[in-house]
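Okay, start_11.txt now, which holds compact mmCIF, N, CA and C atoms:
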# COMPACT_ATOMS: atom_id res chain seq x y z
N MET A 1 114.61 100.83 98.71
CA MET A 1 114.45 100.34 100.07
C MET A 1 113.50 101.22 100.86
N ARG A 2 113.62 102.50 100.75
CA ARG A 2 112.76 103.42 101.48
C ARG A 2 111.30 103.22 101.11
N PHE A 3 111.01 103.02 99.81
CA PHE A 3 109.63 102.85 99.38
C PHE A 3 109.06 101.54 99.88
N ARG A 4 109.87 100.51 99.97
CA ARG A 4 109.40 99.24 100.50
C ARG A 4 108.99 99.41 101.96
N THR A 5 109.78 100.15 102.71
CA THR A 5 109.46 100.41 104.12
C THR A 5 108.15 101.16 104.24
N LEU A 6 107.87 102.08 103.33
CA LEU A 6 106.66 102.88 103.43
C LEU A 6 105.41 102.10 103.03
N ARG A 7 105.57 100.88 102.53
CA ARG A 7 104.41 100.04 102.28
C ARG A 7 103.81 99.52 103.58
N ASP A 8 104.64 99.44 104.60
CA ASP A 8 104.18 99.03 105.92
C ASP A 8 103.40 100.20 106.52
N PRO A 9 102.12 99.99 106.87
CA PRO A 9 101.31 101.12 107.37
C PRO A 9 101.90 101.81 108.59
N MET A 10 102.51 101.06 109.51
CA MET A 10 103.06 101.69 110.71
C MET A 10 104.31 102.50 110.38
N ALA A 11 105.14 102.00 109.47
CA ALA A 11 106.32 102.76 109.06
C ALA A 11 105.89 104.02 108.33
N ARG A 12 104.85 103.91 107.53
CA ARG A 12 104.34 105.07 106.81
C ARG A 12 103.79 106.10 107.80
N LEU A 13 103.08 105.63 108.82
CA LEU A 13 102.54 106.53 109.84
C LEU A 13 103.67 107.23 110.59
N GLU A 14 104.69 106.48 110.99
CA GLU A 14 105.83 107.10 111.67
C GLU A 14 106.48 108.17 110.80
N TYR A 15 106.62 107.88 109.51
CA TYR A 15 107.22 108.83 108.58
C TYR A 15 106.35 110.08 108.47
N LEU A 16 105.03 109.90 108.34
CA LEU A 16 104.11 111.03 108.25
C LEU A 16 104.19 111.89 109.51
N LEU A 17 104.17 111.26 110.67
CA LEU A 17 104.25 112.01 111.91
C LEU A 17 105.56 112.80 112.01
N LYS A 18 106.64 112.19 111.56
CA LYS A 18 107.93 112.88 111.57
C LYS A 18 107.89 114.09 110.64
N LEU A 19 107.32 113.90 109.45
CA LEU A 19 107.21 115.00 108.50
C LEU A 19 106.38 116.16 109.06
N GLU A 20 105.38 115.81 109.84
CA GLU A 20 104.47 116.82 110.39
C GLU A 20 104.97 117.42 111.70
N GLY A 21 106.15 116.96 112.16
CA GLY A 21 106.73 117.53 113.37
C GLY A 21 106.30 116.87 114.66
N PHE A 22 105.66 115.71 114.57
CA PHE A 22 105.27 114.97 115.77
C PHE A 22 106.38 113.99 116.12
N THR A 23 106.50 113.70 117.40
CA THR A 23 107.45 112.68 117.82
C THR A 23 106.67 111.36 117.91
N PRO A 24 106.87 110.48 116.95
CA PRO A 24 106.00 109.31 116.86
C PRO A 24 106.16 108.26 117.95
N LYS A 25 107.37 107.91 118.34
CA LYS A 25 107.54 106.78 119.26
C LYS A 25 107.74 107.20 120.70
N GLU A 26 108.04 108.42 120.92
CA GLU A 26 108.27 108.86 122.29
C GLU A 26 107.82 110.30 122.39
N SER A 27 107.62 110.73 123.58
CA SER A 27 107.18 112.10 123.77
C SER A 27 108.08 112.78 124.79
N HIS A 28 108.89 113.67 124.28
CA HIS A 28 109.76 114.44 125.17
C HIS A 28 109.06 115.69 125.66
N ASP A 29 107.95 116.04 125.00
CA ASP A 29 107.29 117.28 125.37
C ASP A 29 106.19 117.08 126.41
N GLY A 30 105.93 115.84 126.82
CA GLY A 30 104.97 115.58 127.88
C GLY A 30 103.52 115.65 127.45
N THR A 31 103.23 115.81 126.16
CA THR A 31 101.84 115.91 125.73
C THR A 31 101.19 114.56 125.51
N THR A 32 101.97 113.51 125.39
CA THR A 32 101.43 112.19 125.17
C THR A 32 101.56 111.39 126.46
N LYS A 33 100.45 110.97 127.00
CA LYS A 33 100.46 110.20 128.24
C LYS A 33 99.87 108.83 127.97
N VAL A 34 100.48 107.83 128.58
CA VAL A 34 99.95 106.48 128.47
C VAL A 34 98.71 106.42 129.35
N PRO A 35 97.59 105.96 128.80
CA PRO A 35 96.36 105.95 129.59
C PRO A 35 96.45 105.00 130.79
N GLN A 36 95.70 105.33 131.82
CA GLN A 36 95.70 104.55 133.06
C GLN A 36 95.38 103.08 132.78
N GLY A 37 94.44 102.80 131.89
CA GLY A 37 94.07 101.42 131.58
C GLY A 37 95.24 100.62 131.04
N LEU A 38 96.07 101.23 130.24
CA LEU A 38 97.23 100.54 129.70
C LEU A 38 98.28 100.31 130.79
N LEU A 39 98.44 101.27 131.66
CA LEU A 39 99.38 101.09 132.78
C LEU A 39 98.93 99.94 133.67
N GLU A 40 97.64 99.84 133.88
CA GLU A 40 97.11 98.74 134.68
C GLU A 40 97.42 97.40 134.00
N GLU A 41 97.30 97.38 132.68
CA GLU A 41 97.61 96.15 131.94
C GLU A 41 99.08 95.78 132.10
N VAL A 42 99.95 96.77 132.09
CA VAL A 42 101.38 96.53 132.28
C VAL A 42 101.62 95.93 133.67
N PHE A 43 101.02 96.53 134.68
CA PHE A 43 101.20 96.04 136.05
C PHE A 43 100.65 94.62 136.20
N GLU A 44 99.46 94.39 135.65
CA GLU A 44 98.85 93.06 135.75
C GLU A 44 99.71 92.00 135.06
N LEU A 45 100.23 92.34 133.89
CA LEU A 45 101.07 91.38 133.17
C LEU A 45 102.35 91.11 133.96
N ASN A 46 102.96 92.15 134.50
CA ASN A 46 104.18 91.95 135.28
C ASN A 46 103.93 91.07 136.50
N GLU A 47 102.79 91.27 137.16
CA GLU A 47 102.45 90.42 138.30
C GLU A 47 102.26 88.97 137.84
N GLU A 48 101.60 88.79 136.70
CA GLU A 48 101.37 87.44 136.18
C GLU A 48 102.70 86.78 135.81
N LEU A 49 103.60 87.54 135.21
CA LEU A 49 104.91 86.98 134.84
C LEU A 49 105.71 86.59 136.07
N GLU A 50 105.61 87.38 137.12
CA GLU A 50 106.28 87.01 138.38
C GLU A 50 105.71 85.71 138.93
N ALA A 51 104.38 85.58 138.86
CA ALA A 51 103.74 84.34 139.34
C ALA A 51 104.19 83.15 138.50
N ILE A 52 104.34 83.36 137.20
CA ILE A 52 104.80 82.29 136.31
C ILE A 52 106.25 81.92 136.63
N GLN A 53 107.08 82.90 136.91
CA GLN A 53 108.46 82.61 137.29
C GLN A 53 108.50 81.83 138.60
N ASP A 54 107.62 82.17 139.52
CA ASP A 54 107.53 81.41 140.77
C ASP A 54 107.10 79.98 140.50
N MET A 55 106.12 79.80 139.60
CA MET A 55 105.69 78.44 139.22
C MET A 55 106.86 77.64 138.67
N ARG A 56 107.63 78.29 137.80
CA ARG A 56 108.78 77.62 137.19
C ARG A 56 109.80 77.22 138.28
N ALA A 57 110.05 78.13 139.22
CA ALA A 57 111.01 77.86 140.29
C ALA A 57 110.53 76.73 141.20
N GLU A 58 109.21 76.61 141.32
CA GLU A 58 108.63 75.56 142.16
C GLU A 58 108.49 74.23 141.43
N GLY A 59 108.90 74.21 140.14
CA GLY A 59 108.89 72.96 139.39
C GLY A 59 107.60 72.64 138.67
N ALA A 60 106.79 73.64 138.37
CA ALA A 60 105.54 73.39 137.63
C ALA A 60 105.86 72.82 136.26
N SER A 61 104.91 72.11 135.70
CA SER A 61 105.13 71.48 134.39
C SER A 61 105.21 72.55 133.29
N ALA A 62 105.92 72.21 132.24
CA ALA A 62 106.05 73.12 131.10
C ALA A 62 104.68 73.41 130.50
N ALA A 63 103.80 72.41 130.49
CA ALA A 63 102.46 72.59 129.93
C ALA A 63 101.65 73.60 130.75
N ALA A 64 101.75 73.51 132.08
CA ALA A 64 101.01 74.44 132.94
C ALA A 64 101.53 75.87 132.76
N ILE A 65 102.83 75.99 132.64
CA ILE A 65 103.42 77.32 132.44
C ILE A 65 103.04 77.87 131.08
N ALA A 66 103.10 77.04 130.06
CA ALA A 66 102.73 77.48 128.71
C ALA A 66 101.26 77.93 128.67
N LEU A 67 100.39 77.19 129.34
CA LEU A 67 98.98 77.56 129.39
C LEU A 67 98.80 78.92 130.06
N ARG A 68 99.48 79.12 131.16
CA ARG A 68 99.35 80.39 131.88
C ARG A 68 99.92 81.55 131.07
N LEU A 69 101.03 81.32 130.37
CA LEU A 69 101.59 82.36 129.51
C LEU A 69 100.61 82.70 128.38
N GLY A 70 99.98 81.70 127.81
CA GLY A 70 98.99 81.93 126.76
C GLY A 70 97.83 82.77 127.26
N LEU A 71 97.37 82.46 128.47
CA LEU A 71 96.28 83.24 129.05
C LEU A 71 96.70 84.67 129.34
N ALA A 72 97.95 84.86 129.74
CA ALA A 72 98.46 86.21 130.03
C ALA A 72 98.59 87.02 128.75
N ARG A 73 98.90 86.34 127.65
CA ARG A 73 99.12 87.03 126.38
C ARG A 73 97.82 87.49 125.72
N ARG A 74 96.73 86.77 125.93
CA ARG A 74 95.47 87.05 125.22
C ARG A 74 94.95 88.48 125.39
N PRO A 75 94.87 89.02 126.60
CA PRO A 75 94.34 90.39 126.72
C PRO A 75 95.23 91.43 126.01
N VAL A 76 96.52 91.20 126.02
CA VAL A 76 97.43 92.13 125.35
C VAL A 76 97.20 92.06 123.85
N GLU A 77 97.08 90.85 123.32
CA GLU A 77 96.83 90.69 121.89
C GLU A 77 95.49 91.30 121.48
N ALA A 78 94.47 91.14 122.33
CA ALA A 78 93.16 91.73 122.03
C ALA A 78 93.24 93.25 122.03
N ASN A 79 93.94 93.80 122.99
CA ASN A 79 94.11 95.26 123.06
C ASN A 79 94.89 95.75 121.84
N LEU A 80 95.90 95.02 121.44
CA LEU A 80 96.68 95.39 120.26
C LEU A 80 95.81 95.35 119.01
N ALA A 81 94.96 94.35 118.88
CA ALA A 81 94.06 94.27 117.72
C ALA A 81 93.11 95.47 117.69
N ARG A 82 92.59 95.87 118.85
CA ARG A 82 91.73 97.07 118.90
C ARG A 82 92.50 98.31 118.48
N HIS A 83 93.75 98.42 118.91
CA HIS A 83 94.58 99.56 118.51
C HIS A 83 94.82 99.57 117.01
N GLU A 84 95.09 98.40 116.44
CA GLU A 84 95.34 98.30 115.00
C GLU A 84 94.11 98.76 114.23
N GLU A 85 92.93 98.31 114.66
CA GLU A 85 91.69 98.72 114.00
C GLU A 85 91.48 100.22 114.10
N ARG A 86 91.70 100.77 115.29
CA ARG A 86 91.52 102.22 115.50
C ARG A 86 92.54 103.00 114.68
N LEU A 87 93.77 102.51 114.59
CA LEU A 87 94.78 103.18 113.77
C LEU A 87 94.36 103.19 112.31
N ASP A 88 93.86 102.06 111.80
CA ASP A 88 93.41 102.00 110.40
C ASP A 88 92.30 103.00 110.15
N THR A 89 91.33 103.03 111.06
CA THR A 89 90.19 103.95 110.91
C THR A 89 90.66 105.40 110.94
N LEU A 90 91.51 105.70 111.89
CA LEU A 90 91.98 107.07 112.05
C LEU A 90 92.89 107.51 110.91
N MET A 91 93.65 106.58 110.35
CA MET A 91 94.49 106.91 109.20
C MET A 91 93.61 107.27 108.00
N SER A 92 92.52 106.53 107.83
CA SER A 92 91.58 106.85 106.75
C SER A 92 90.93 108.20 106.99
N ASP A 93 90.57 108.47 108.25
CA ASP A 93 89.98 109.75 108.61
C ASP A 93 90.97 110.88 108.32
N HIS A 94 92.22 110.68 108.68
CA HIS A 94 93.24 111.68 108.40
C HIS A 94 93.32 111.97 106.90
N ASP A 95 93.35 110.91 106.09
CA ASP A 95 93.45 111.08 104.65
C ASP A 95 92.25 111.87 104.11
N ALA A 96 91.07 111.57 104.63
CA ALA A 96 89.87 112.31 104.19
C ALA A 96 89.97 113.78 104.59
N ARG A 97 90.46 114.05 105.78
CA ARG A 97 90.64 115.44 106.24
C ARG A 97 91.67 116.18 105.39
N LEU A 98 92.71 115.47 105.00
CA LEU A 98 93.74 116.06 104.14
C LEU A 98 93.14 116.46 102.79
N GLU A 99 92.38 115.54 102.20
CA GLU A 99 91.75 115.82 100.90
C GLU A 99 90.74 116.95 101.01
N ALA A 100 90.06 117.04 102.15
CA ALA A 100 89.05 118.09 102.35
C ALA A 100 89.68 119.43 102.72
N GLY A 101 90.97 119.42 103.01
CA GLY A 101 91.64 120.65 103.40
C GLY A 101 91.29 121.12 104.79
N ASP A 102 90.86 120.22 105.65
CA ASP A 102 90.47 120.54 107.02
C ASP A 102 91.69 120.40 107.93
N ALA A 103 92.47 121.45 108.02
CA ALA A 103 93.74 121.41 108.76
C ALA A 103 93.55 121.13 110.25
N GLU A 104 92.52 121.71 110.84
CA GLU A 104 92.31 121.54 112.27
C GLU A 104 91.96 120.09 112.61
N ALA A 105 91.04 119.51 111.85
CA ALA A 105 90.65 118.11 112.09
C ALA A 105 91.81 117.17 111.76
N ARG A 106 92.59 117.52 110.76
CA ARG A 106 93.75 116.71 110.39
C ARG A 106 94.78 116.72 111.52
N HIS A 107 95.00 117.88 112.10
CA HIS A 107 95.94 117.98 113.22
C HIS A 107 95.45 117.15 114.40
N ALA A 108 94.16 117.19 114.68
CA ALA A 108 93.60 116.40 115.77
C ALA A 108 93.79 114.91 115.49
N ALA A 109 93.59 114.50 114.24
CA ALA A 109 93.79 113.10 113.88
C ALA A 109 95.25 112.70 114.05
N LEU A 110 96.16 113.56 113.66
CA LEU A 110 97.59 113.27 113.82
C LEU A 110 97.97 113.14 115.30
N THR A 111 97.39 113.99 116.12
CA THR A 111 97.66 113.93 117.55
C THR A 111 97.19 112.60 118.13
N GLU A 112 95.98 112.18 117.75
CA GLU A 112 95.47 110.90 118.24
C GLU A 112 96.25 109.74 117.65
N LEU A 113 96.67 109.85 116.40
CA LEU A 113 97.48 108.80 115.78
C LEU A 113 98.80 108.63 116.53
N ARG A 114 99.40 109.74 116.92
CA ARG A 114 100.66 109.67 117.67
C ARG A 114 100.44 108.95 118.99
N THR A 115 99.36 109.28 119.68
CA THR A 115 99.05 108.63 120.95
C THR A 115 98.84 107.13 120.76
N LEU A 116 98.05 106.77 119.75
CA LEU A 116 97.79 105.36 119.48
C LEU A 116 99.05 104.61 119.10
N LEU A 117 99.92 105.26 118.34
CA LEU A 117 101.17 104.62 117.94
C LEU A 117 102.06 104.39 119.16
N LEU A 118 102.10 105.33 120.07
CA LEU A 118 102.85 105.16 121.31
C LEU A 118 102.29 104.00 122.12
N GLU A 119 100.96 103.95 122.24
CA GLU A 119 100.33 102.86 122.97
C GLU A 119 100.62 101.52 122.30
N ARG A 120 100.59 101.50 120.97
CA ARG A 120 100.89 100.28 120.22
C ARG A 120 102.30 99.80 120.54
N THR A 121 103.23 100.74 120.64
CA THR A 121 104.61 100.39 120.98
C THR A 121 104.67 99.74 122.36
N TYR A 122 103.94 100.30 123.32
CA TYR A 122 103.89 99.69 124.65
C TYR A 122 103.35 98.27 124.58
N LEU A 123 102.27 98.08 123.82
CA LEU A 123 101.66 96.76 123.69
C LEU A 123 102.61 95.77 123.02
N MET A 124 103.31 96.22 121.99
CA MET A 124 104.28 95.35 121.32
C MET A 124 105.39 94.95 122.29
N ASN A 125 105.81 95.88 123.14
CA ASN A 125 106.83 95.58 124.14
C ASN A 125 106.32 94.57 125.16
N LEU A 126 105.05 94.69 125.54
CA LEU A 126 104.47 93.71 126.46
C LEU A 126 104.48 92.31 125.85
N LEU A 127 104.09 92.23 124.57
CA LEU A 127 104.11 90.92 123.90
C LEU A 127 105.52 90.38 123.79
N ALA A 128 106.48 91.24 123.56
CA ALA A 128 107.88 90.80 123.49
C ALA A 128 108.32 90.25 124.85
N THR A 129 107.86 90.85 125.92
CA THR A 129 108.18 90.37 127.25
C THR A 129 107.62 88.96 127.47
N VAL A 130 106.38 88.74 127.02
CA VAL A 130 105.78 87.40 127.15
C VAL A 130 106.56 86.41 126.29
N ARG A 131 106.95 86.81 125.10
CA ARG A 131 107.74 85.91 124.24
C ARG A 131 109.07 85.55 124.88
N ARG A 132 109.73 86.52 125.50
CA ARG A 132 111.00 86.24 126.18
C ARG A 132 110.79 85.25 127.32
N GLU A 133 109.71 85.43 128.05
CA GLU A 133 109.42 84.51 129.15
C GLU A 133 109.11 83.12 128.61
N THR A 134 108.43 83.05 127.49
CA THR A 134 108.14 81.76 126.86
C THR A 134 109.44 81.09 126.43
N SER A 135 110.33 81.88 125.82
CA SER A 135 111.63 81.34 125.38
C SER A 135 112.47 80.88 126.56
N ALA A 136 112.41 81.63 127.65
CA ALA A 136 113.17 81.25 128.84
C ALA A 136 112.66 79.92 129.38
N GLY A 137 111.35 79.74 129.34
CA GLY A 137 110.79 78.47 129.79
C GLY A 137 111.16 77.32 128.88
N GLU A 138 111.19 77.56 127.58
CA GLU A 138 111.56 76.52 126.63
C GLU A 138 113.03 76.14 126.81
N ALA A 139 113.86 77.14 127.05
CA ALA A 139 115.30 76.86 127.25
C ALA A 139 115.53 76.08 128.55
N ALA A 140 114.74 76.37 129.55
CA ALA A 140 114.90 75.68 130.83
C ALA A 140 114.49 74.21 130.76
N THR A 141 113.55 73.90 129.87
CA THR A 141 113.09 72.51 129.76
C THR A 141 113.88 71.70 128.74
N SER A 142 114.77 72.37 128.02
CA SER A 142 115.58 71.66 127.01
C SER A 142 116.75 70.96 127.62
Here is a file; write its structure as structure tokens.
Amino acid sequence: MRFRTLRDPMARLEYLLKLEGFTPKESHDGTTKVPQGLLEEVFELNEELEAIQDMRAEGASAAAIALRLGLARRPVEANLARHEERLDTLMSDHDARLEAGDAEARHAALTELRTLLLERTYLMNLLATVRRETSAGEAATS
């Protein structure tokens, strides 16, 4: 079971970070900060979701709400795709640094990987929020 989990690149990354002494999903030491751009995306999405809830309360059609939810989801999905690409690139870079014995560059890659993984978690949570709102709308129209 453990080996099957490690086939998943993100699970493998979390395991590697844990082995190396990094806190992969959260930062209690304050060294990992969510970038301002991502915080802005969180605020914008929350404002959009509030507007969608208002639309629903005012009796907007399910199609109009679904369209608006789809539009709200797109930037988050695009940002997540960019993070996935950067994670793949950086994981390869880390592996090359490991093989080259470049401990300093490897540590820098691990630090950036931890930050990207944290950001990815935020993005996944944003998408989950949109999915919950979509489900709430579907339940309301049933």
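Here atom N of Leu126 of chain A is placed at a distance of 22.0 Å from atom C of Ala63 of chain A.
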Q: Run DSSP on the backbone of this structure and report the residues of chain A it assigns to alpha helix (DSSP H), as a PyMOL selection string.
A: chain A and resi 2-5+9-19+36-57+62-100+103-141
Q: Pick out the residues sitting within 6.5 Å of Arg114 of chain A, and hand them over as a list in words; count only N, CA and C atoms, and ignore anything fewer than 4 positions along from it in its own chain.
A: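 Here the qualifying residues turn out to be Thr23, Pro24, Ala109, Leu110, Leu118 and Glu119 of chain A.
With only C-alpha atoms as the atoms that count, the residue of A:Leu87, A:Leu80, A:Leu16, A:Ala51 with the shortest distance to Thr121 of chain A is A:Leu80.
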Q: Could you please determine the separation between atom CA of Ala78 of chain A and atom C of Asp8 of chain A in Å, to one decimal place?
A: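 Taking atom CA of Ala78 of chain A and atom C of Asp8 of chain A, their separation equals 20.4 Å.
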Q.
For a test of reading the model, state the distance in Å between atom C of Arg106 of chain A and atom C of His94 of chain A, rounded to one decimal.
A.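 Separation between atom C of Arg106 of chain A and atom C of His94 of chain A: 6.8 Å.
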Q | Residue contacts of Arg73 of chain A (7 Å, only C-alpha atoms) excluding same-chain residues fewer than 4 positions away, as a list in words | A |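 The residues satisfying every condition are Leu69, Glu77, Leu127 and Val130 of chain A.
Counting only C-alpha atoms and comparing A:Gly101, A:Ile65, A:Leu117, A:Glu85, the residue that lies closest to Tyr15 of chain A is A:Leu117.
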Q: May I have the residues within 8 Å of Ala72 of chain A as a PyMOL selection string, using only N, CA and C atoms and disregarding those fewer than 6 positions away in the same chain?
A: chain A and resi 44-45+48-49+66+130
Q. Between A:Glu14, A:Leu113, A:Gln36, A:Asn79, which one has atoms that come closest to Met91 of chain A, using all atoms listed in the file?
A.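 Closest to Met91 of chain A, using all atoms listed in the file: A:Leu113.
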